[in-house]
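Raw upload_38.cif, mmCIF, C-alpha atoms:
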```
data_final
loop_
_atom_site.label_atom_id
_atom_site.label_comp_id
_atom_site.auth_asym_id
_atom_site.auth_seq_id
_atom_site.Cartn_x
_atom_site.Cartn_y
_atom_site.Cartn_z
CA MET A 1 56.55 -188.85 91.36
CA LYS A 2 60.26 -189.35 90.79
CA LYS A 3 60.10 -192.92 92.13
CA ARG A 4 57.22 -193.84 89.88
CA THR A 5 59.06 -192.42 86.88
CA MET A 6 62.14 -194.46 87.62
CA ASP A 7 60.11 -197.61 88.16
CA ALA A 8 58.36 -197.00 84.88
CA SER A 9 61.71 -196.51 83.25
CA LEU A 10 62.97 -199.76 84.70
CA ALA A 11 59.84 -201.58 83.63
CA GLU A 12 60.50 -200.60 80.03
CA HIS A 13 63.66 -202.64 79.99
CA SER A 14 63.82 -206.30 80.74
CA PRO A 15 65.84 -207.38 83.79
CA LYS A 16 68.02 -209.27 81.33
CA LEU A 17 68.90 -206.04 79.50
CA ILE A 18 69.63 -204.19 82.75
CA ARG A 19 71.84 -207.05 83.87
CA SER A 20 73.56 -207.00 80.50
CA ILE A 21 74.29 -203.27 80.78
CA GLU A 22 75.59 -203.69 84.30
CA ARG A 23 77.80 -206.53 83.18
CA ARG A 24 79.07 -204.50 80.24
CA LEU A 25 79.92 -201.54 82.42
CA PHE A 26 81.24 -203.24 85.47
CA LEU A 27 81.85 -206.93 85.48
CA ARG A 28 83.75 -207.12 82.22
CA GLN A 29 86.08 -204.43 83.43
CA GLY A 30 85.92 -204.75 87.19
CA LEU A 31 88.98 -206.77 87.94
CA SER A 32 88.69 -206.92 91.72
CA LEU A 33 85.92 -207.80 94.14
CA GLY A 34 86.95 -204.99 96.46
CA ALA A 35 86.54 -202.45 93.72
CA LEU A 36 83.14 -203.91 92.88
CA ALA A 37 82.04 -203.32 96.45
CA LEU A 38 83.10 -199.71 96.11
CA LEU A 39 81.27 -199.38 92.80
CA SER A 40 78.01 -199.93 94.60
CA GLY A 41 78.92 -197.29 97.15
CA CYS A 42 78.49 -199.85 99.92
CA GLU A 43 79.81 -198.73 103.27
CA LEU A 44 81.44 -201.98 104.24
CA THR A 45 83.16 -200.53 107.27
CA ASP A 46 84.20 -197.20 108.73
CA ASP A 47 87.60 -198.54 109.73
CA GLU A 48 90.15 -196.09 108.30
CA GLY A 49 92.66 -198.79 107.40
CA VAL A 50 90.11 -200.82 105.49
CA GLN A 51 88.85 -197.68 103.75
CA LYS A 52 92.39 -196.87 102.61
CA VAL A 53 92.89 -200.36 101.19
CA LEU A 54 89.53 -200.26 99.39
CA LEU A 55 90.31 -196.79 98.02
CA ALA A 56 93.67 -198.01 96.72
CA MET A 57 91.92 -200.97 95.06
CA SER A 58 89.38 -198.62 93.51
CA ARG A 59 92.16 -196.41 92.09
CA TRP A 60 93.83 -199.53 90.71
CA ASN A 61 90.50 -200.44 89.13
CA ASP A 62 90.34 -196.93 87.60
CA GLY A 63 93.68 -197.63 85.94
CA ALA A 64 92.49 -200.99 84.65
CA GLN A 65 89.29 -199.46 83.23
CA ALA A 66 91.25 -196.62 81.62
CA TRP A 67 93.60 -199.15 80.05
CA LEU A 68 90.66 -201.15 78.67
CA PHE A 69 88.78 -198.06 77.45
CA ASN A 70 88.56 -197.97 73.65
CA PRO A 71 88.43 -194.29 72.60
CA ASN A 72 87.06 -195.24 69.18
CA LYS A 73 84.25 -197.56 70.29
CA LEU A 74 80.86 -195.84 70.13
CA ALA A 75 78.02 -196.36 72.58
CA PRO A 76 74.75 -197.54 70.95
CA GLU A 77 72.46 -194.87 69.48
CA TYR A 78 68.68 -195.28 69.23
CA PRO A 79 65.73 -194.15 67.10
CA GLU A 80 63.44 -191.32 68.28
CA SER A 81 60.78 -193.95 69.05
CA ALA A 82 62.98 -195.38 71.81
CA ILE A 83 63.15 -192.12 73.78
CA THR A 84 62.00 -192.48 77.40
CA LYS A 85 59.07 -190.18 78.25
CA PRO A 86 59.14 -188.60 80.70
CA PHE A 87 62.88 -188.65 81.15
CA PRO A 88 63.63 -189.15 84.87
CA PHE A 89 64.95 -186.34 87.03
CA ASN A 90 67.68 -187.36 89.43
CA ALA A 91 69.88 -185.36 91.80
CA TYR A 92 70.91 -185.21 95.44
CA TYR A 93 68.14 -182.62 95.96
CA GLY A 94 64.47 -182.36 95.04
CA GLU A 95 63.15 -181.17 91.70
CA ASP A 96 61.79 -178.04 93.36
CA GLU A 97 65.32 -177.18 94.56
CA VAL A 98 66.89 -177.20 91.09
CA ARG A 99 69.15 -174.14 90.80
CA LEU A 100 67.98 -171.54 88.34
CA VAL A 101 70.96 -170.18 86.45
CA ASP A 102 70.57 -166.78 84.77
CA GLY A 103 71.36 -167.43 81.12
CA ALA A 104 71.88 -163.72 80.37
CA SER A 105 74.75 -163.32 82.83
CA TYR A 106 76.07 -166.87 82.56
CA LYS A 107 79.75 -167.33 81.78
CA LEU A 108 81.64 -170.59 81.56
CA GLU A 109 84.97 -170.12 83.36
CA LEU A 110 88.06 -171.97 82.12
CA SER A 111 91.29 -172.59 84.01
CA GLY A 112 94.26 -174.91 84.37
CA LEU A 113 96.17 -176.16 81.34
CA ILE A 114 94.08 -174.24 78.81
CA ARG A 115 95.70 -171.64 76.53
CA ASP A 116 92.70 -169.37 75.94
CA GLN A 117 90.92 -168.92 79.27
CA LYS A 118 88.43 -166.35 78.06
CA PRO A 119 85.03 -167.06 79.69
CA TRP A 120 82.28 -168.22 77.30
CA THR A 121 78.79 -166.73 77.20
CA LEU A 122 75.75 -168.76 76.20
CA PRO A 123 75.27 -167.07 72.78
CA GLU A 124 78.91 -167.88 72.01
CA LEU A 125 78.37 -171.52 72.95
CA TYR A 126 75.11 -171.72 70.95
CA ALA A 127 76.97 -170.35 67.92
CA LEU A 128 79.45 -173.26 67.84
CA PRO A 129 78.80 -176.24 65.52
CA GLN A 130 76.28 -178.56 67.17
CA SER A 131 75.57 -182.28 66.92
CA SER A 132 72.88 -184.56 68.36
CA GLN A 133 72.70 -188.05 69.79
CA ILE A 134 69.98 -190.35 71.11
CA THR A 135 71.72 -192.41 73.74
CA ARG A 136 71.06 -194.28 76.94
CA HIS A 137 71.72 -192.68 80.31
CA ILE A 138 72.66 -195.41 82.78
CA CYS A 139 72.40 -194.64 86.48
CA VAL A 140 74.46 -196.35 89.17
CA GLU A 141 71.15 -196.76 91.05
CA GLY A 142 70.13 -199.44 88.55
CA TRP A 143 67.80 -197.66 86.12
CA SER A 144 68.38 -196.33 82.64
CA ALA A 145 66.61 -194.00 80.20
CA ILE A 146 67.07 -192.91 76.60
CA GLY A 147 67.13 -189.23 75.67
CA LYS A 148 68.02 -186.91 72.81
CA TRP A 149 70.88 -184.56 73.56
CA SER A 150 72.42 -181.83 71.40
CA GLY A 151 75.41 -179.59 71.80
CA VAL A 152 79.06 -179.10 71.06
CA ARG A 153 81.36 -182.04 70.66
CA PHE A 154 83.61 -181.70 73.70
CA SER A 155 86.79 -182.61 71.80
CA ASP A 156 86.08 -179.73 69.38
CA PHE A 157 85.61 -177.33 72.29
CA LEU A 158 88.84 -178.45 73.96
CA ALA A 159 90.72 -177.98 70.70
CA ARG A 160 89.16 -174.53 70.19
CA VAL A 161 90.25 -173.25 73.62
CA GLY A 162 93.72 -174.77 73.34
CA ALA A 163 93.39 -177.31 76.12
CA ASP A 164 96.43 -179.46 76.79
CA THR A 165 94.95 -182.76 75.66
CA THR A 166 98.01 -184.63 76.90
CA ALA A 167 96.92 -183.78 80.47
CA LYS A 168 95.19 -186.48 82.50
CA TYR A 169 91.99 -184.89 83.77
CA VAL A 170 89.18 -182.46 83.07
CA GLY A 171 87.43 -181.20 86.20
CA PHE A 172 84.00 -179.56 86.52
CA GLU A 173 82.32 -177.20 88.97
CA CYS A 174 78.58 -176.71 88.90
CA ALA A 175 75.99 -174.18 90.04
CA ASP A 176 74.43 -176.83 92.31
CA ASP A 177 77.81 -177.22 94.12
CA TYR A 178 78.40 -180.60 92.49
CA THR A 179 81.92 -181.46 91.36
CA THR A 180 83.30 -184.29 89.26
CA SER A 181 86.14 -185.02 86.88
CA ILE A 182 86.86 -187.28 83.93
CA ASP A 183 89.84 -188.77 82.12
CA MET A 184 91.12 -187.03 78.99
CA ALA A 185 90.47 -190.09 76.79
CA THR A 186 86.75 -189.88 77.59
CA ALA A 187 86.79 -186.09 77.18
CA LEU A 188 88.05 -186.62 73.62
CA HIS A 189 85.60 -189.45 72.83
CA PRO A 190 83.46 -188.54 69.78
CA GLN A 191 80.19 -188.95 71.73
CA THR A 192 81.18 -186.80 74.69
CA LEU A 193 78.96 -183.77 74.29
CA LEU A 194 78.85 -180.32 75.88
CA THR A 195 75.08 -180.49 75.97
CA LEU A 196 72.99 -177.36 75.44
CA ARG A 197 69.67 -178.89 74.33
CA PHE A 198 67.41 -181.75 75.37
CA ALA A 199 64.76 -183.08 72.98
CA ASP A 200 65.57 -180.22 70.56
CA GLN A 201 64.73 -177.59 73.21
CA ILE A 202 67.05 -175.42 75.26
CA LEU A 203 68.18 -177.60 78.15
CA PRO A 204 65.49 -177.31 80.87
CA PRO A 205 66.64 -176.42 84.41
CA LYS A 206 65.89 -179.90 85.73
CA TYR A 207 68.25 -181.46 83.19
CA GLY A 208 71.08 -179.02 83.81
CA PHE A 209 70.52 -175.58 82.20
CA PRO A 210 72.53 -173.98 80.81
CA MET A 211 74.91 -176.83 80.11
CA LYS A 212 75.69 -180.37 81.11
CA LEU A 213 78.29 -182.84 79.95
CA ARG A 214 76.78 -185.92 78.37
CA MET A 215 78.88 -189.10 78.13
CA PRO A 216 77.10 -192.26 76.97
CA THR A 217 80.24 -194.21 77.85
CA LYS A 218 79.99 -193.39 81.55
CA LEU A 219 77.49 -193.74 84.40
CA GLY A 220 75.11 -190.83 84.93
CA PHE A 221 76.72 -189.41 88.08
CA LYS A 222 79.83 -188.62 85.99
CA SER A 223 77.77 -186.17 83.90
CA PRO A 224 77.80 -182.77 85.64
CA LYS A 225 74.78 -180.47 85.24
CA HIS A 226 74.67 -176.64 85.47
CA ILE A 227 78.40 -176.47 84.64
CA THR A 228 79.91 -173.11 85.57
CA ALA A 229 83.63 -173.87 85.40
CA MET A 230 85.99 -176.43 83.96
CA TYR A 231 89.72 -176.97 84.17
CA VAL A 232 92.39 -179.22 82.71
CA THR A 233 95.02 -180.66 85.02
CA ASN A 234 97.38 -183.50 85.80
CA GLU A 235 96.43 -183.33 89.49
CA TYR A 236 93.71 -185.80 90.45
CA PRO A 237 90.56 -183.68 91.02
CA GLY A 238 88.22 -186.38 92.37
CA GLY A 239 84.59 -185.39 92.71
CA TYR A 240 81.77 -185.47 95.24
CA TRP A 241 80.56 -189.04 94.83
CA GLU A 242 84.00 -190.29 93.84
CA ASP A 243 85.37 -189.00 97.14
CA GLN A 244 82.63 -190.98 98.93
CA GLY A 245 83.98 -194.23 97.47
CA TYR A 246 82.17 -194.48 94.14
CA ASN A 247 84.42 -195.67 91.35
CA TRP A 248 86.05 -192.66 89.66
CA PHE A 249 86.28 -194.00 86.09
CA SER A 250 82.78 -195.56 86.06
CA GLY A 251 82.69 -196.19 82.37
CA SER A 252 83.23 -198.61 79.55
CA MET B 1 22.18 -188.89 86.19
CA LYS B 2 24.95 -191.45 86.60
CA SER B 3 27.16 -189.52 84.20
CA LEU B 4 26.57 -186.38 86.26
CA GLU B 5 27.69 -188.20 89.41
CA ALA B 6 30.74 -189.59 87.62
CA THR B 7 31.65 -186.12 86.39
CA ALA B 8 31.30 -184.71 89.90
CA VAL B 9 33.47 -187.48 91.39
CA ALA B 10 36.10 -186.95 88.69
CA ALA B 11 36.12 -183.22 89.32
CA ILE B 12 36.53 -183.71 93.07
CA LEU B 13 39.34 -186.24 92.54
CA ALA B 14 41.10 -183.89 90.13
CA THR B 15 40.85 -181.01 92.60
CA VAL B 16 42.14 -183.12 95.50
CA SER B 17 45.05 -184.57 93.52
CA PHE B 18 45.98 -181.09 92.24
CA ALA B 19 45.94 -179.76 95.81
CA PHE B 20 48.16 -182.57 97.07
CA ALA B 21 50.47 -182.79 94.05
CA ALA B 22 54.08 -181.99 94.87
CA ASP B 23 55.16 -178.60 93.62
CA THR B 24 58.15 -179.37 91.43
CA THR B 25 58.69 -175.83 90.18
CA PRO B 26 62.47 -175.31 90.32
CA GLY B 27 64.19 -172.50 92.15
CA LYS B 28 63.38 -173.02 95.81
CA PRO B 29 66.38 -172.49 98.10
CA MET B 30 68.09 -175.75 98.93
CA LYS B 31 67.62 -176.84 102.54
CA MET B 32 71.22 -177.67 103.36
CA ASP B 33 70.50 -179.43 106.66
CA GLU B 34 68.03 -181.86 105.13
CA PRO B 35 69.05 -185.42 104.19
CA MET B 36 70.08 -185.90 100.58
CA HIS B 37 67.72 -187.32 97.97
CA GLY B 38 68.49 -190.33 95.80
CA GLU B 39 69.80 -193.82 96.20
CA MET B 40 73.50 -192.91 96.12
CA LYS B 41 73.54 -191.30 99.54
CA LYS B 42 74.81 -192.98 102.67
CA LYS B 43 73.13 -192.48 106.03
CA ASN B 44 73.54 -189.07 107.65
CA MET B 45 74.52 -187.38 104.36
CA LYS B 46 73.02 -183.89 104.09
CA LYS B 47 72.55 -181.70 101.03
CA GLY B 48 74.96 -179.12 102.45
CA ASP B 49 77.78 -181.70 102.48
CA VAL B 50 78.21 -181.28 98.72
CA LYS B 51 78.97 -177.55 98.99
CA LYS B 52 81.39 -178.11 101.89
CA ALA B 53 83.20 -180.85 99.94
CA ALA B 54 83.44 -178.61 96.86
CA GLU B 55 84.96 -175.78 98.90
CA LYS B 56 87.44 -178.14 100.54
CA ARG B 57 88.45 -179.64 97.20
CA ALA B 58 88.86 -176.18 95.65
CA ARG B 59 91.19 -175.15 98.51
CA GLN B 60 93.28 -178.29 97.89
CA MET B 61 93.36 -177.95 94.09
CA LYS B 62 94.14 -174.24 93.86
CA PRO B 63 97.82 -174.27 94.99
CA MET B 64 98.53 -177.48 93.07
CA MET B 65 97.08 -176.06 89.87
CA GLU B 66 98.88 -172.73 90.28
CA LYS B 67 102.16 -174.62 90.67
CA GLU B 68 101.26 -176.76 87.67
CA ALA B 69 100.42 -173.73 85.52
CA ALA B 70 103.65 -171.97 86.55
CA GLY B 71 105.68 -174.98 85.47
CA ALA B 72 103.77 -175.62 82.25
CA PRO B 73 105.46 -174.65 78.95
CA LYS B 74 103.90 -171.66 77.15
CA ARG B 75 101.46 -173.00 74.56
#
```
Render the structure in this file as structure tokens.
Amino acid sequence: MKKRTMDASLAEHSPKLIRSIERRLFLRQGLSLGALALLSGCELTDDEGVQKVLLAMSRWNDGAQAWLFNPNKLAPEYPESAITKPFPFNAYYGEDEVRLVDGASYKLELSGLIRDQKPWTLPELYALPQSSQITRHICVEGWSAIGKWSGVRFSDFLARVGADTTAKYVGFECADDYTTSIDMATALHPQTLLTLRFADQILPPKYGFPMKLRMPTKLGFKSPKHITAMYVTNEYPGGYWEDQGYNWFSGS
Amino acid sequence: MKSLEATAVAAILATVSFAFAADTTPGKPMKMDEPMHGEMKKKNMKKGDVKKAAEKRARQMKPMMEKEAAGAPKR
């Protein structure tokens, strides 16, 4: 079912468009062939020495991408008619294994370089000013899909809790054990959204209830679902796929 | 008569496909020893690897972040 959905999604977009997106995200900003190999997650060799060199190249590529990142450039937005239906489900587990988070007892934990570390309940998050976007989710696997996402602008949330926005990283922990982290410039990007709704409905479990981070400037695996905790730090937090060799920045 | 047969065939097909359709209702316990789903995985990766990696990373980050917080100016 999932495969057919992804194929259908791919079929909606011409190969030329997919190639164009890939070029935009990677080739324009990928300044080394070694880093490009890592972007695809290819296991070129298990040799520890080679892995270390490739990892160093990937980190260098992160720096280059961060340097090229324009915090004021917006990702394209689309009309409602362009929304992909059904929107694909994708995770490292099956749709039947999606974690069910209890919204009534849910609390978002904050730590690190954040002044007000009071946990946030869902009603408190729903009460914050909300905005919406219809943007394209681009997966490292080679497919993309357009969806409507609503929630709290992440830069507003960081300001509200007194996050140190001069710090380098924001890290995330999720109810499905997934971890990832992003650069502060992307965290403060106007389209980075603490997403609470999908298609004007409370975020369904399969898309990350109660909350996911949506970033149309980054690849899909950088967007954590079922977020339970976040922290601000200058220590490199990595992430699950990033620690397996996928490019950490993974954005435009 | 033909429409009756067509209806019967359609009903049988619907029943069979319903019976064999994958149950995608969320909430089943994750089988940690099973191979991961998706195209991002490498061979031999299991679902439980994600939890182990998260725990390992949390152990590494905790002392570094405590030290960082202790040295951070009061905001």
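Selection by the PyMOL selection byres ((chain B and resi 40) around 8) on the present file picks out Gly41, Val140 and Glu141 of chain A; Gly38, Glu39, Lys41 and Lys42 of chain B.
Of note, CA of Pro76 in chain A and CA of Thr135 in chain A are spaced 6.6 Å apart.
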As a check of understanding, name the residues that the PyMOL selection byres ((chain B) within 6 of (chain A)) selects in the supplied structure, as a PyMOL selection string. chain B and resi 24-30+36-38+51
Could you tell me which residues the PyMOL selection byres ((chain A and resi 128) around 12) grabs in this file, written as JSON, numbers by chain? {"A": [120, 121, 122, 123, 124, 125, 126, 127, 129, 130, 131, 150, 151, 152, 153, 154, 156, 157, 160, 194, 195, 196]}
Axis-aligned box for range 166-173 of chain A, 5 Å per side, centre and edges in Å as AutoDock Vina command-line options:
```
--center_x 90.2 --center_y -181.8 --center_z 82.9 --size_x 25.7 --size_y 19.3 --size_z 22.1
```
Near range 67-72 of chain A, within 10 Å and counting all atoms listed in the file, which residues show up once chain neighbours fewer than 6 positions away are dropped, as a ChimeraX atom specification? /A:28-29,61,185-191,217,249,251-252
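The space between CA of Pro210 in chain A and CA of Ser223 in chain A spans 13.6 Å.
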Would you mind listing what lies within 7 Å of Lys46 in chain B as a PyMOL selection string, with only C-alpha atoms counted and same-chain residues fewer than 4 positions away left out? chain B and resi 32-36
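Between CA of Leu74 in chain A and CA of Lys212 in chain A the separation is 19.7 Å.
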Check the smallest atom-to-atom distance from each of A:Leu55, A:Phe87, A:Ala229, A:Lys148 to Ala58 in chain B using all atoms listed in the file, then report the winner. A:Ala229
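The protein and nucleic acid residues lying at most 7 Å from Ala175 in chain A are A:Arg99, A:His226, A:Ile227, A:Thr228, with only C-alpha atoms considered and sequence neighbours fewer than 3 positions away removed.
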